[in-house]
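Trainee: One file: target.cif (mmCIF, C-alpha atoms).
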```cif
data_input
#
loop_
_atom_site.label_atom_id
_atom_site.label_comp_id
_atom_site.auth_asym_id
_atom_site.auth_seq_id
_atom_site.Cartn_x
_atom_site.Cartn_y
_atom_site.Cartn_z
CA MET A 97 -31.91 31.04 18.74
CA ASN A 98 -29.79 29.97 21.69
CA ASP A 99 -30.56 30.47 25.35
CA LEU A 100 -28.06 33.22 25.84
CA SER A 101 -29.41 35.45 23.09
CA GLU A 102 -32.98 35.04 24.42
CA LYS A 103 -31.77 36.18 27.83
CA ILE A 104 -29.91 39.12 26.29
CA PHE A 105 -33.12 40.24 24.54
CA ALA A 106 -34.91 39.95 27.88
CA GLY A 107 -32.31 42.28 29.40
CA ASP A 108 -31.01 39.75 31.92
CA GLN A 109 -28.05 41.48 33.58
CA ARG A 110 -26.07 38.35 34.33
CA SER A 111 -26.30 37.11 30.77
CA ILE A 112 -25.26 40.52 29.45
CA ALA A 113 -22.25 40.46 31.78
CA ARG A 114 -21.32 36.92 30.80
CA LEU A 115 -21.53 37.55 27.07
CA ILE A 116 -19.37 40.67 27.42
CA THR A 117 -16.72 38.55 29.14
CA LEU A 118 -16.90 36.01 26.32
CA VAL A 119 -16.38 38.64 23.62
CA GLU A 120 -13.59 40.27 25.61
CA ASN A 121 -11.84 36.93 25.85
CA ASP A 122 -12.41 36.16 22.18
CA ALA A 123 -14.23 32.99 23.16
CA PRO A 124 -15.41 31.01 20.15
CA ASP A 125 -18.86 30.47 21.73
CA ALA A 126 -19.50 34.20 21.67
CA MET A 127 -19.50 34.42 17.91
CA GLU A 128 -22.70 32.40 17.44
CA THR A 129 -24.60 34.60 19.88
CA MET A 130 -23.23 37.77 18.31
CA LYS A 131 -24.50 36.58 14.94
CA GLN A 132 -27.95 36.05 16.41
CA ILE A 133 -28.26 39.39 18.12
CA HIS A 134 -27.08 41.59 15.25
CA PRO A 135 -30.53 41.80 13.55
CA ARG A 136 -32.00 43.13 16.80
CA THR A 137 -29.57 46.04 17.16
CA GLY A 138 -29.44 49.62 15.96
CA GLN A 139 -32.03 51.18 18.26
CA ALA A 140 -29.81 52.66 20.96
CA SER A 141 -28.27 56.12 20.78
CA VAL A 142 -24.54 55.77 21.21
CA ILE A 143 -22.85 58.73 22.88
CA GLY A 144 -19.08 58.87 23.19
CA VAL A 145 -17.51 60.95 25.92
CA THR A 146 -13.84 61.64 25.46
CA GLY A 147 -11.30 64.15 26.70
CA VAL A 148 -8.04 64.63 28.50
CA MET A 149 -7.17 62.83 31.72
CA GLY A 150 -8.84 64.27 34.78
CA SER A 151 -11.40 66.29 32.83
CA GLY A 152 -14.23 64.73 34.79
CA LYS A 153 -15.59 62.34 32.19
CA SER A 154 -16.82 59.80 34.75
CA SER A 155 -18.67 62.37 36.84
CA LEU A 156 -20.20 63.85 33.72
CA ILE A 157 -21.39 60.43 32.57
CA TYR A 158 -22.88 59.84 35.99
CA GLU A 159 -24.88 63.07 35.69
CA LEU A 160 -25.96 62.26 32.13
CA ALA A 161 -27.09 58.80 33.21
CA LEU A 162 -29.20 60.28 36.01
CA ALA A 163 -30.80 62.70 33.56
CA TYR A 164 -31.64 59.94 31.06
CA ARG A 165 -33.01 57.79 33.86
CA ALA A 166 -35.30 60.68 34.82
CA GLN A 167 -36.64 60.50 31.24
CA GLY A 168 -37.36 56.82 31.82
CA LYS A 169 -34.63 55.60 29.50
CA LYS A 170 -32.51 52.55 30.15
CA VAL A 171 -28.84 53.37 30.20
CA GLY A 172 -25.78 51.29 29.40
CA ILE A 173 -22.36 52.63 30.36
CA ILE A 174 -19.02 51.36 29.06
CA ALA A 175 -16.06 52.81 30.92
CA ILE A 176 -12.63 52.14 29.44
CA ASP A 177 -9.35 52.41 31.30
CA PRO A 178 -5.85 51.66 30.06
CA THR A 179 -4.39 48.16 30.30
CA SER A 180 -0.79 48.19 31.49
CA PRO A 181 1.49 47.34 28.57
CA PHE A 182 3.90 45.81 31.08
CA SER A 183 1.77 43.51 33.18
CA GLY A 184 -1.34 43.18 31.04
CA GLY A 185 -3.35 44.09 34.11
CA ALA A 186 -5.60 47.11 34.54
CA LEU A 187 -7.05 49.21 37.31
CA LEU A 188 -10.60 50.05 36.39
CA GLY A 189 -11.70 52.91 38.61
CA ASP A 190 -14.36 54.76 36.66
CA ARG A 191 -17.12 53.22 38.69
CA ILE A 192 -15.98 55.12 41.78
CA ARG A 193 -17.81 58.18 40.46
CA MET A 194 -20.88 56.18 39.49
CA MET A 195 -21.53 53.84 42.42
CA GLU A 196 -24.92 55.37 43.19
CA LEU A 197 -26.09 53.93 39.87
CA SER A 198 -25.39 50.38 41.05
CA SER A 199 -28.66 50.35 42.93
CA ASP A 200 -30.67 51.16 39.80
CA ASP A 201 -31.58 48.16 37.66
CA GLY A 202 -32.27 50.43 34.68
CA VAL A 203 -28.53 51.02 34.43
CA PHE A 204 -25.84 48.58 33.37
CA ILE A 205 -22.21 49.60 33.84
CA ARG A 206 -19.23 47.70 32.55
CA SER A 207 -15.57 48.62 33.03
CA MET A 208 -13.11 47.47 30.39
CA GLY A 209 -9.36 47.54 29.89
CA THR A 210 -7.95 48.58 26.52
CA ARG A 211 -6.13 45.24 26.27
CA GLY A 212 -3.48 46.44 23.87
CA MET A 213 -5.76 48.39 21.54
CA MET A 214 -4.58 51.88 20.54
CA GLY A 215 -6.86 54.81 19.91
CA GLY A 216 -8.51 55.09 23.32
CA LEU A 217 -10.90 52.17 22.90
CA THR A 218 -10.87 48.41 23.31
CA SER A 219 -11.30 45.97 20.47
CA ALA A 220 -14.35 44.23 21.96
CA LEU A 221 -16.16 47.56 22.18
CA TYR A 222 -18.15 47.11 18.99
CA ASP A 223 -19.54 43.85 20.33
CA VAL A 224 -20.31 45.32 23.73
CA VAL A 225 -22.27 48.15 22.12
CA GLU A 226 -24.28 45.60 20.13
CA ILE A 227 -24.94 43.54 23.27
CA LEU A 228 -26.23 46.51 25.29
CA ASP A 229 -28.27 47.66 22.32
CA ALA A 230 -29.89 44.24 21.87
CA ALA A 231 -30.55 44.12 25.62
CA GLY A 232 -32.83 47.12 25.27
CA MET A 233 -30.67 50.01 26.45
CA HIS A 234 -32.01 53.27 24.98
CA VAL A 235 -28.81 55.17 25.54
CA ILE A 236 -25.25 53.84 25.56
CA LEU A 237 -22.61 56.10 27.06
CA ILE A 238 -19.00 55.26 26.28
CA GLU A 239 -16.18 56.75 28.32
CA THR A 240 -12.84 56.52 26.54
CA VAL A 241 -9.53 56.45 28.36
CA GLY A 242 -8.10 59.87 29.13
CA VAL A 243 -6.77 60.88 25.76
CA GLY A 244 -4.01 63.03 24.37
CA GLN A 245 -4.33 64.38 20.89
CA ASP A 246 -4.93 61.60 18.48
CA GLU A 247 -6.91 58.91 20.25
CA VAL A 248 -9.92 59.66 18.18
CA ASP A 249 -11.34 56.24 17.37
CA ILE A 250 -14.49 56.97 19.35
CA VAL A 251 -15.93 58.68 16.26
CA LYS A 252 -15.98 55.35 14.50
CA ILE A 253 -18.52 54.02 16.93
CA ALA A 254 -20.47 56.90 18.50
CA ASP A 255 -23.43 58.68 16.95
CA THR A 256 -22.58 61.75 18.98
CA THR A 257 -19.10 62.52 20.24
CA VAL A 258 -18.75 64.82 23.24
CA VAL A 259 -15.25 66.21 23.81
CA VAL A 260 -14.65 67.30 27.38
CA LEU A 261 -12.15 70.04 28.17
CA ILE A 262 -11.41 71.87 31.38
CA PRO A 263 -10.38 75.45 32.13
CA GLY A 264 -6.79 76.27 32.85
CA LEU A 265 -5.04 73.77 30.63
CA GLY A 266 -2.99 76.70 29.40
CA ASP A 267 -3.03 76.95 25.65
CA SER A 268 -5.13 73.83 25.73
CA VAL A 269 -7.12 74.62 22.67
CA GLN A 270 -3.96 75.32 20.72
CA THR A 271 -2.28 72.10 21.67
CA ILE A 272 -5.20 69.86 20.95
CA LYS A 273 -6.30 71.60 17.79
CA ALA A 274 -5.57 68.57 15.66
CA GLY A 275 -7.24 65.23 16.31
CA LEU A 276 -9.45 65.62 19.33
CA MET A 277 -10.73 69.01 18.22
CA GLU A 278 -11.79 67.63 14.86
CA ILE A 279 -14.03 64.90 16.20
CA ALA A 280 -16.30 66.89 18.50
CA ASP A 281 -20.01 67.11 17.81
CA ILE A 282 -20.33 68.95 21.09
CA PHE A 283 -17.72 70.58 23.29
CA VAL A 284 -18.07 70.52 27.03
CA VAL A 285 -16.03 72.78 29.24
CA ASN A 286 -16.36 70.87 32.49
CA LYS A 287 -15.33 72.04 35.95
CA ALA A 288 -16.80 75.41 35.02
CA ASP A 289 -16.58 76.28 38.71
CA LYS A 290 -12.80 76.56 38.23
CA PRO A 291 -11.21 79.87 37.17
CA GLY A 292 -10.46 80.36 33.48
CA MET A 293 -13.75 79.03 32.15
CA GLU A 294 -14.58 82.16 30.11
CA GLN A 295 -11.17 82.14 28.48
CA THR A 296 -11.41 78.48 27.47
CA VAL A 297 -14.87 79.03 26.00
CA ALA A 298 -13.64 82.13 24.15
CA GLU A 299 -10.66 80.23 22.73
CA LEU A 300 -12.97 77.49 21.53
CA GLU A 301 -15.39 79.97 20.01
CA SER A 302 -12.65 81.67 18.05
CA MET A 303 -11.42 78.31 16.82
CA LEU A 304 -14.96 77.40 15.75
CA ASP A 305 -15.19 80.67 13.83
CA LEU A 306 -12.64 79.19 11.44
CA ILE A 307 -14.73 76.13 10.69
CA ASN A 308 -17.10 76.63 7.86
CA ASN A 309 -20.20 74.53 8.23
CA PRO A 310 -23.28 76.56 7.36
CA ASP A 311 -25.62 73.77 8.59
CA ARG A 312 -24.41 73.43 12.08
CA ARG A 313 -22.06 75.21 14.45
CA ILE A 314 -20.57 72.92 17.10
CA PRO A 315 -22.09 73.97 20.40
CA ILE A 316 -20.08 74.59 23.56
CA VAL A 317 -21.66 73.74 26.91
CA ALA A 318 -20.15 74.80 30.21
CA THR A 319 -20.85 72.24 32.89
CA SER A 320 -19.96 71.56 36.46
CA ALA A 321 -20.63 67.97 37.36
CA LYS A 322 -19.72 68.89 40.92
CA GLU A 323 -22.26 71.70 41.17
CA LYS A 324 -24.66 69.86 38.86
CA LYS A 325 -24.72 72.74 36.39
CA GLY A 326 -25.17 72.64 32.66
CA ILE A 327 -26.39 69.06 32.47
CA PRO A 328 -29.90 69.86 31.11
CA GLN A 329 -28.27 72.08 28.47
CA LEU A 330 -25.94 69.25 27.49
CA ILE A 331 -28.83 66.81 27.24
CA THR A 332 -30.63 69.29 24.96
CA LYS A 333 -27.55 69.74 22.76
CA ILE A 334 -27.15 65.97 22.43
CA ALA A 335 -30.82 65.61 21.45
CA GLU A 336 -30.43 68.43 18.91
CA HIS A 337 -27.39 66.76 17.43
CA GLN A 338 -29.21 63.48 17.07
CA GLN A 339 -32.05 65.30 15.37
CA TYR A 340 -29.52 66.94 13.07
CA LEU A 341 -28.03 63.55 12.20
CA LYS A 342 -31.43 62.32 11.10
CA THR A 343 -32.46 65.38 9.10
CA SER A 344 -29.10 65.72 7.38
CA GLN A 345 -28.94 62.01 6.59
CA THR A 346 -25.58 61.76 8.33
CA PHE A 347 -27.04 59.19 10.69
CA GLU A 348 -26.98 56.42 8.10
CA GLN A 349 -23.50 57.45 7.15
CA ARG A 350 -22.24 57.24 10.74
CA ARG A 351 -23.78 53.84 11.27
CA ARG A 352 -22.18 52.60 8.07
CA GLN A 353 -18.87 53.97 9.36
CA ARG A 354 -19.30 51.98 12.54
CA TYR A 355 -20.02 48.73 10.74
CA GLU A 356 -17.09 49.32 8.45
CA ALA A 357 -14.76 49.86 11.42
CA GLU A 358 -16.19 46.81 13.16
CA LEU A 359 -15.73 44.58 10.14
CA ILE A 360 -12.17 45.77 9.65
CA GLU A 361 -11.49 45.11 13.33
CA ILE A 362 -12.80 41.54 13.08
CA ILE A 363 -10.64 40.89 10.03
CA ARG A 364 -7.62 42.46 11.71
CA LYS A 365 -8.10 40.33 14.77
CA ARG A 366 -8.41 37.14 12.77
CA LEU A 367 -5.33 37.89 10.71
CA MET A 368 -3.36 38.72 13.87
CA ASP A 369 -4.56 35.50 15.47
CA PHE A 370 -3.30 33.60 12.45
CA ILE A 371 0.05 35.36 12.45
CA PHE A 372 0.58 34.97 16.18
CA ASP A 373 -0.51 31.35 16.22
CA GLU A 374 3.07 30.31 15.53
CA LYS A 375 2.40 26.60 15.32
CA LYS A 376 -0.29 27.02 12.74
CA LEU A 377 1.68 29.60 10.82
CA LYS A 378 4.75 27.40 10.82
CA SER A 379 2.87 24.34 9.62
CA THR A 380 1.30 26.37 6.81
CA VAL A 381 4.66 27.74 5.79
CA ASP A 382 6.50 24.44 6.15
CA CYS A 383 4.82 22.79 3.22
CA CYS A 384 6.20 25.40 0.82
CA ILE A 385 9.79 25.38 2.03
CA ASP A 386 10.67 22.20 0.17
CA GLN A 387 9.39 23.60 -3.07
CA ILE A 388 11.22 26.87 -2.55
CA ALA A 389 14.45 25.00 -1.80
CA LYS A 390 14.06 22.94 -4.96
CA LYS A 391 13.36 26.12 -6.94
CA GLN A 392 9.95 24.84 -7.93
CA LEU A 393 8.42 27.87 -6.25
CA ASP A 394 9.67 31.34 -5.34
CA PRO A 395 8.94 32.85 -1.89
CA TYR A 396 6.66 35.55 -3.27
CA SER A 397 4.39 33.14 -5.08
CA ALA A 398 4.38 30.94 -1.97
CA ALA A 399 3.27 33.90 0.16
CA ASP A 400 0.53 34.68 -2.37
CA GLN A 401 -0.68 31.10 -2.19
CA ILE A 402 -0.73 31.02 1.61
CA LEU A 403 -2.41 34.38 1.96
CA GLY A 404 -4.88 33.43 -0.75
CA LYS A 405 -5.90 30.46 1.38
CA ILE A 406 -6.44 32.53 4.53
CA LEU A 407 -8.21 35.33 2.79
CA LYS A 408 -10.55 33.06 0.94
CA MET B 35 -8.84 33.01 23.61
CA VAL B 36 -7.32 35.11 26.38
CA LYS B 37 -8.80 34.73 29.82
CA LYS B 38 -7.97 37.43 32.33
CA ILE B 39 -8.76 37.16 36.00
CA ARG B 40 -11.16 39.97 36.93
CA VAL B 41 -11.27 41.09 40.55
CA LEU B 42 -13.59 43.49 42.35
CA VAL B 43 -11.93 45.26 45.27
CA ALA B 44 -14.63 46.77 47.44
CA LYS B 45 -14.90 48.74 50.67
CA PRO B 46 -18.17 47.96 52.41
CA GLY B 47 -19.70 50.11 55.09
CA LEU B 48 -18.59 53.30 56.71
CA ASP B 49 -14.87 52.64 56.96
CA GLY B 50 -13.01 55.52 55.31
CA HIS B 51 -9.53 54.06 54.97
CA ASP B 52 -8.64 52.59 51.60
CA ARG B 53 -4.87 52.67 51.46
CA GLY B 54 -4.66 48.93 51.97
CA ALA B 55 -7.34 48.23 49.37
CA LYS B 56 -5.49 50.41 46.86
CA ILE B 57 -2.18 48.67 47.50
CA VAL B 58 -3.79 45.28 46.98
CA ALA B 59 -5.57 46.58 43.85
CA ARG B 60 -2.25 47.74 42.39
CA ALA B 61 -0.50 44.50 43.23
CA LEU B 62 -3.22 42.51 41.49
CA ARG B 63 -3.00 44.77 38.46
CA ASP B 64 0.77 44.29 38.38
CA ALA B 65 0.10 40.56 38.44
CA GLY B 66 -1.83 40.95 35.18
CA MET B 67 -5.37 41.00 36.55
CA GLU B 68 -8.15 43.44 35.72
CA VAL B 69 -9.16 45.12 38.94
CA VAL B 70 -12.39 47.03 39.37
CA TYR B 71 -12.21 49.36 42.35
CA THR B 72 -15.44 50.73 43.82
CA GLY B 73 -14.29 53.42 46.18
CA LEU B 74 -15.56 53.81 49.73
CA HIS B 75 -18.86 53.29 51.51
CA GLN B 76 -20.50 50.52 49.52
CA THR B 77 -23.54 48.56 50.56
CA ALA B 78 -23.60 44.78 50.16
CA GLU B 79 -26.20 45.20 47.39
CA GLN B 80 -24.02 47.64 45.46
CA ILE B 81 -21.04 45.30 45.76
CA VAL B 82 -22.94 42.25 44.54
CA THR B 83 -24.59 44.15 41.66
CA THR B 84 -21.19 45.46 40.63
CA ALA B 85 -19.70 41.97 40.84
CA MET B 86 -22.49 40.70 38.59
CA GLN B 87 -22.28 43.46 35.96
CA GLU B 88 -18.50 43.31 35.87
CA ASP B 89 -18.65 39.51 35.77
CA VAL B 90 -15.68 39.23 38.13
CA ASP B 91 -14.03 35.98 39.17
CA VAL B 92 -13.07 37.31 42.59
CA VAL B 93 -14.53 39.74 45.12
CA GLY B 94 -12.06 41.11 47.66
CA LEU B 95 -13.54 42.98 50.61
CA SER B 96 -11.45 45.31 52.73
CA LEU B 97 -12.58 46.50 56.12
CA LEU B 98 -10.84 48.10 59.07
CA SER B 99 -13.83 49.26 61.06
CA GLY B 100 -14.65 46.03 62.86
CA ALA B 101 -18.01 45.50 61.19
CA HIS B 102 -16.78 42.54 59.15
CA MET B 103 -18.98 40.00 60.92
CA THR B 104 -22.01 41.80 59.54
CA LEU B 105 -20.81 43.25 56.26
CA PHE B 106 -18.65 40.39 54.97
CA VAL B 107 -21.38 37.92 55.83
CA ASP B 108 -24.02 40.09 54.13
CA VAL B 109 -22.02 40.04 50.90
CA ALA B 110 -21.48 36.28 51.16
CA GLU B 111 -25.19 35.66 51.65
CA LEU B 112 -26.23 37.95 48.85
CA LEU B 113 -23.80 36.23 46.47
CA LYS B 114 -25.35 32.90 47.40
CA GLU B 115 -28.85 34.27 46.98
CA LYS B 116 -28.00 35.48 43.46
CA LYS B 117 -26.51 32.05 42.72
CA MET B 118 -23.10 33.57 42.14
CA ASP B 119 -21.34 30.70 43.89
CA ASP B 120 -18.63 30.61 41.25
CA VAL B 121 -17.25 33.90 42.54
CA LEU B 122 -14.29 33.54 44.92
CA LEU B 123 -14.90 35.75 47.96
CA VAL B 124 -11.95 36.86 50.10
CA GLY B 125 -11.53 39.48 52.79
CA GLY B 126 -8.82 41.52 54.41
CA GLY B 127 -8.19 44.20 56.99
CA ILE B 128 -8.18 44.26 60.75
CA ILE B 129 -9.87 40.94 61.44
CA PRO B 130 -9.32 39.25 64.82
CA GLN B 131 -8.07 35.69 64.47
CA GLU B 132 -11.02 34.31 66.44
CA ASP B 133 -13.50 35.66 63.88
CA VAL B 134 -11.84 33.88 60.96
CA PRO B 135 -13.43 30.43 61.41
CA ARG B 136 -16.91 31.96 61.53
CA LEU B 137 -16.22 34.06 58.44
CA LYS B 138 -14.97 31.00 56.58
CA LYS B 139 -18.08 29.11 57.56
CA ALA B 140 -20.18 31.96 56.19
CA GLY B 141 -18.52 31.65 52.78
CA ILE B 142 -15.48 33.91 52.90
CA ALA B 143 -12.86 31.63 51.40
CA GLU B 144 -9.82 33.27 52.93
CA VAL B 145 -8.99 36.18 55.22
CA PHE B 146 -5.77 38.18 54.87
CA GLY B 147 -4.66 40.12 57.92
CA PRO B 148 -2.30 43.10 58.22
CA GLY B 149 1.22 42.41 57.01
CA THR B 150 0.23 39.74 54.51
CA PRO B 151 2.70 39.94 51.60
CA VAL B 152 0.76 40.88 48.46
CA GLU B 153 2.40 38.00 46.61
CA GLU B 154 0.57 35.64 48.93
CA ILE B 155 -2.78 37.15 47.90
CA VAL B 156 -1.86 36.95 44.20
CA THR B 157 -0.82 33.31 44.53
CA TYR B 158 -3.93 32.45 46.50
CA ILE B 159 -6.23 34.00 43.91
CA ARG B 160 -4.48 32.33 40.98
CA LYS B 161 -4.73 28.98 42.66
CA ASN B 162 -8.31 29.21 43.89
CA VAL B 163 -10.18 31.11 41.22
CA LYS B 164 -13.20 28.97 40.41
CA ARG B 165 -13.60 29.40 36.67
#
```
Could you render the structure as structure tokens?
Mentor:
Amino acid sequence: MNDLSEKIFAGDQRSIARLITLVENDAPDAMETMKQIHPRTGQASVIGVTGVMGSGKSSLIYELALAYRAQGKKVGIIAIDPTSPFSGGALLGDRIRMMELSSDDGVFIRSMGTRGMMGGLTSALYDVVEILDAAGMHVILIETVGVGQDEVDIVKIADTTVVVLIPGLGDSVQTIKAGLMEIADIFVVNKADKPGMEQTVAELESMLDLINNPDRRIPIVATSAKEKKGIPQLITKIAEHQQYLKTSQTFEQRRRQRYEAELIEIIRKRLMDFIFDEKKLKSTVDCCIDQIAKKQLDPYSAADQILGKILK
Amino acid sequence: MVKKIRVLVAKPGLDGHDRGAKIVARALRDAGMEVVYTGLHQTAEQIVTTAMQEDVDVVGLSLLSGAHMTLFVDVAELLKEKKMDDVLLVGGGIIPQEDVPRLKKAGIAEVFGPGTPVEEIVTYIRKNVKR
């Protein structure tokens, strides 16, 4: 057991922050620690909050965090914002709505850029969830980037996915019927203080009428983070969903889904690293060129050989 | 391994003007850095806790209210107290020239006044980041 993992288990904020940086940067030292902490994970409830831009996800997460703190639970928050595809930089502004939480040492907030990952998440996210889990957070809230229709990867990692909509998006429900609408465990109509709330809820209800799940109808909660309304109801609905996961045995299934997605992501990253490490790739390829030129080997068999070596 | 420079841009105290801070934040983003922006009215404690959780390489404080001698120094001292000496601390805003030496002595590595080209700040950060 190395020093860093001991400190993570003890919940030391600086060590948590440092390890997150290491996994974000793909530092080789991080891997050893990640291996050590995996057995101590799996306790935290992971709640994904996703929705269109400007739907009030950050404010909602702030309110949820306060409510969980009032229950005495430790809360980890991961707030993701887009990385610019042009500069590689990112403006991470989700904390603006959560600054009051910075004075509470039962809360750990980390802002992350997507760093080139599609789907509304960031590729280090799986690791960050494991780190916060091992550090003793009871609840982990993940805020995705503001999404359009098909950035739905949050379902691969969250136990409960909350999709946030707002009134007055026009035929919002129509336009986002595919993708986003299929991943919700709970719908939130936020900014319920704005006109059009009833219509949005009604549209959602009629859409839900078409879904046939006798065990569970997806609940809709109207909230106003601004007027602090609907938060206790949302907390209740989340708790009910987590209960449902356990009684219907879907919990195991979701966790398996997460590990599957994580494993695939690690493999994808390693393969990409190999492909983009031009020097290494070139030196691996070089040794076959002679043989191909002399017709001792054909390019397809050479590719099989090389890939066989990496995949071993 | 891809290391990105992470910067916290923070507005301490009661000053309500953040246009400058936002312009700097954007410029740093355009230079490929990850910039965490806190919004207005932060206490020194909130800024240092945020810097720790976000594991930033740089903290940039912006202040136009004139309270920099207290607030900048508070942040510098708190960083030292938490043994976060590897964080590069810089400041900007309306800072009279005669205050600069005292700020530097207190641990603010550089002070950027009004009219500083953003490129200068980017270059300074790239050159002086401590890890």
Trainee: Set out as JSON lines a contact list for chain A and chain B with a cut-off of 7 Å, giving each residue of chain A that qualifies its closest atom pair and distance in Å to one decimal, counting only C-alpha atoms, ordered by chain and rising residue number.
Mentor:
```
{"residue": "A:Gln109", "atom": "CA", "partner": "B:Gln87", "partner_atom": "CA", "distance": 6.5}
{"residue": "A:Arg110", "atom": "CA", "partner": "B:Met86", "partner_atom": "CA", "distance": 6.0}
{"residue": "A:Ala113", "atom": "CA", "partner": "B:Gln87", "partner_atom": "CA", "distance": 5.1}
{"residue": "A:Arg114", "atom": "CA", "partner": "B:Asp89", "partner_atom": "CA", "distance": 6.2}
{"residue": "A:Thr117", "atom": "CA", "partner": "B:Asp89", "partner_atom": "CA", "distance": 7.0}
{"residue": "A:Asn121", "atom": "CA", "partner": "B:Val36", "partner_atom": "CA", "distance": 4.9}
{"residue": "A:Asp122", "atom": "CA", "partner": "B:Met35", "partner_atom": "CA", "distance": 5.0}
{"residue": "A:Ala123", "atom": "CA", "partner": "B:Met35", "partner_atom": "CA", "distance": 5.4}
{"residue": "A:Ser183", "atom": "CA", "partner": "B:Gly66", "partner_atom": "CA", "distance": 4.8}
{"residue": "A:Gly184", "atom": "CA", "partner": "B:Gly66", "partner_atom": "CA", "distance": 4.7}
{"residue": "A:Gly185", "atom": "CA", "partner": "B:Gly66", "partner_atom": "CA", "distance": 3.6}
{"residue": "A:Ala186", "atom": "CA", "partner": "B:Glu68", "partner_atom": "CA", "distance": 4.6}
{"residue": "A:Leu187", "atom": "CA", "partner": "B:Val69", "partner_atom": "CA", "distance": 4.9}
{"residue": "A:Leu188", "atom": "CA", "partner": "B:Val70", "partner_atom": "CA", "distance": 4.6}
{"residue": "A:Gly189", "atom": "CA", "partner": "B:Tyr71", "partner_atom": "CA", "distance": 5.2}
{"residue": "A:Arg191", "atom": "CA", "partner": "B:Thr72", "partner_atom": "CA", "distance": 5.9}
{"residue": "A:Ile192", "atom": "CA", "partner": "B:Thr72", "partner_atom": "CA", "distance": 4.9}
{"residue": "A:Met195", "atom": "CA", "partner": "B:Thr72", "partner_atom": "CA", "distance": 7.0}
{"residue": "A:Ser198", "atom": "CA", "partner": "B:Gln80", "partner_atom": "CA", "distance": 5.4}
{"residue": "A:Ser199", "atom": "CA", "partner": "B:Gln80", "partner_atom": "CA", "distance": 5.9}
{"residue": "A:Phe204", "atom": "CA", "partner": "B:Gln87", "partner_atom": "CA", "distance": 6.8}
{"residue": "A:Ile205", "atom": "CA", "partner": "B:Gln87", "partner_atom": "CA", "distance": 6.5}
{"residue": "A:Arg206", "atom": "CA", "partner": "B:Glu88", "partner_atom": "CA", "distance": 5.6}
{"residue": "A:Ser207", "atom": "CA", "partner": "B:Glu88", "partner_atom": "CA", "distance": 6.7}
```
Trainee: I'd like the neighbourhood of Asp99 (chain A) as a ChimeraX atom specification, where a residue qualifies if any of its atoms comes within 12 Å (using all atoms listed in the file), though same-chain residues fewer than 6 positions away should be ignored.
Mentor: /A:105-106,108,111,115,128-129,132-133
Trainee: Just want the 8 Å neighbourhood of region 143-148 of chain B, counted on all atoms listed in the file, with same-chain residues fewer than 6 positions away dropped. Output as a count of residues only.
Mentor: 10
Trainee: Quick one, how far is CA of Ile334 (chain A) from CA of Gly138 (chain A)?
Mentor: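 A separation of 17.7 Å between them.
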Trainee: (-6.4, 38.8, 17.9) in this file's frame - what residues fall within 12 Å of it? Use all atoms listed in the file and give the answer as a list in words.
Mentor: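 Residues with an atom at most 12 Å from (-6.4, 38.8, 17.9): Val119, Glu120, Asn121, Asp122, Ala123, Arg211, Gly212, Met213, Thr218, Ser219, Ala220, Glu361, Ile362, Ile363, Arg364, Lys365, Arg366, Leu367, Met368, Asp369, Phe370, Ile371, Phe372 and Asp373 of chain A; Met35 and Val36 of chain B.
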Trainee: As an exercise, work out the distance from CA of Thr179 (chain A) to CA of Pro46 (chain B) in Å and give it to one decimal place.
Mentor: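 One can read the CA of Thr179 (chain A) to CA of Pro46 (chain B) distance as 26.1 Å.
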Trainee: Which residues are close to Ala254 (chain A), i.e. within 9 Å by all atoms listed in the file, leaving aside same-chain residues fewer than 2 positions away? Reply as a PyMOL selection string.
Mentor: chain A and resi 141-145+237-238+250-252+256-257+350-351+354
Trainee: Could you tell me how far CA of Leu162 (chain A) lies from CA of Ile331 (chain A), in Å and to one decimal?
Mentor: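 Separation of CA of Leu162 (chain A) and CA of Ile331 (chain A): 10.9 Å.
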Trainee: For a cut-off of 12 Å around (-14.7, 79.5, 17.2), file coordinates, pick out all residues using only C-alpha atoms and list them as an MDAnalysis selection string.
Mentor: chainID A and resid 269 273 277 283 296:309 313:316
Trainee: Show me, as a list in words, the residues that have an atom within 10 Å of Ile385 (chain A) when counting all atoms listed in the file, minus same-chain residues fewer than 5 positions from it.
Mentor: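 The filter keeps Thr380, Lys390, Lys391, Gln392, Leu393, Asp394, Pro395 and Ala398 of chain A.
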Trainee: Give me a file of those residues, with C-alpha atoms, as a compact mmCIF listing (two decimals), in the frame of the given file.
Mentor:
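Printed below is selection.txt as written:
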```
# COMPACT_ATOMS: atom_id res chain seq x y z
CA THR A 380 1.30 26.37 6.81
CA LYS A 390 14.06 22.94 -4.96
CA LYS A 391 13.36 26.12 -6.94
CA GLN A 392 9.95 24.84 -7.93
CA LEU A 393 8.42 27.87 -6.25
CA ASP A 394 9.67 31.34 -5.34
CA PRO A 395 8.94 32.85 -1.89
CA ALA A 398 4.38 30.94 -1.97
```
Trainee: Need the axis-aligned box for region 93-96 of chain B with 8 Å each side, so what are the centre and edges in Å to one decimal, as JSON?
Mentor:
```
{"center_x": -13.0, "center_y": 42.5, "center_z": 48.9, "size_x": 19.1, "size_y": 21.6, "size_z": 23.6}
```
Trainee: Go through the shown structure with the PyMOL selection byres ((chain A and resi 225) around 9) and write out the matching residues as an MDAnalysis selection string.
Mentor: chainID A and resid 140 142 172 174 220:224 226:230 236 238 253
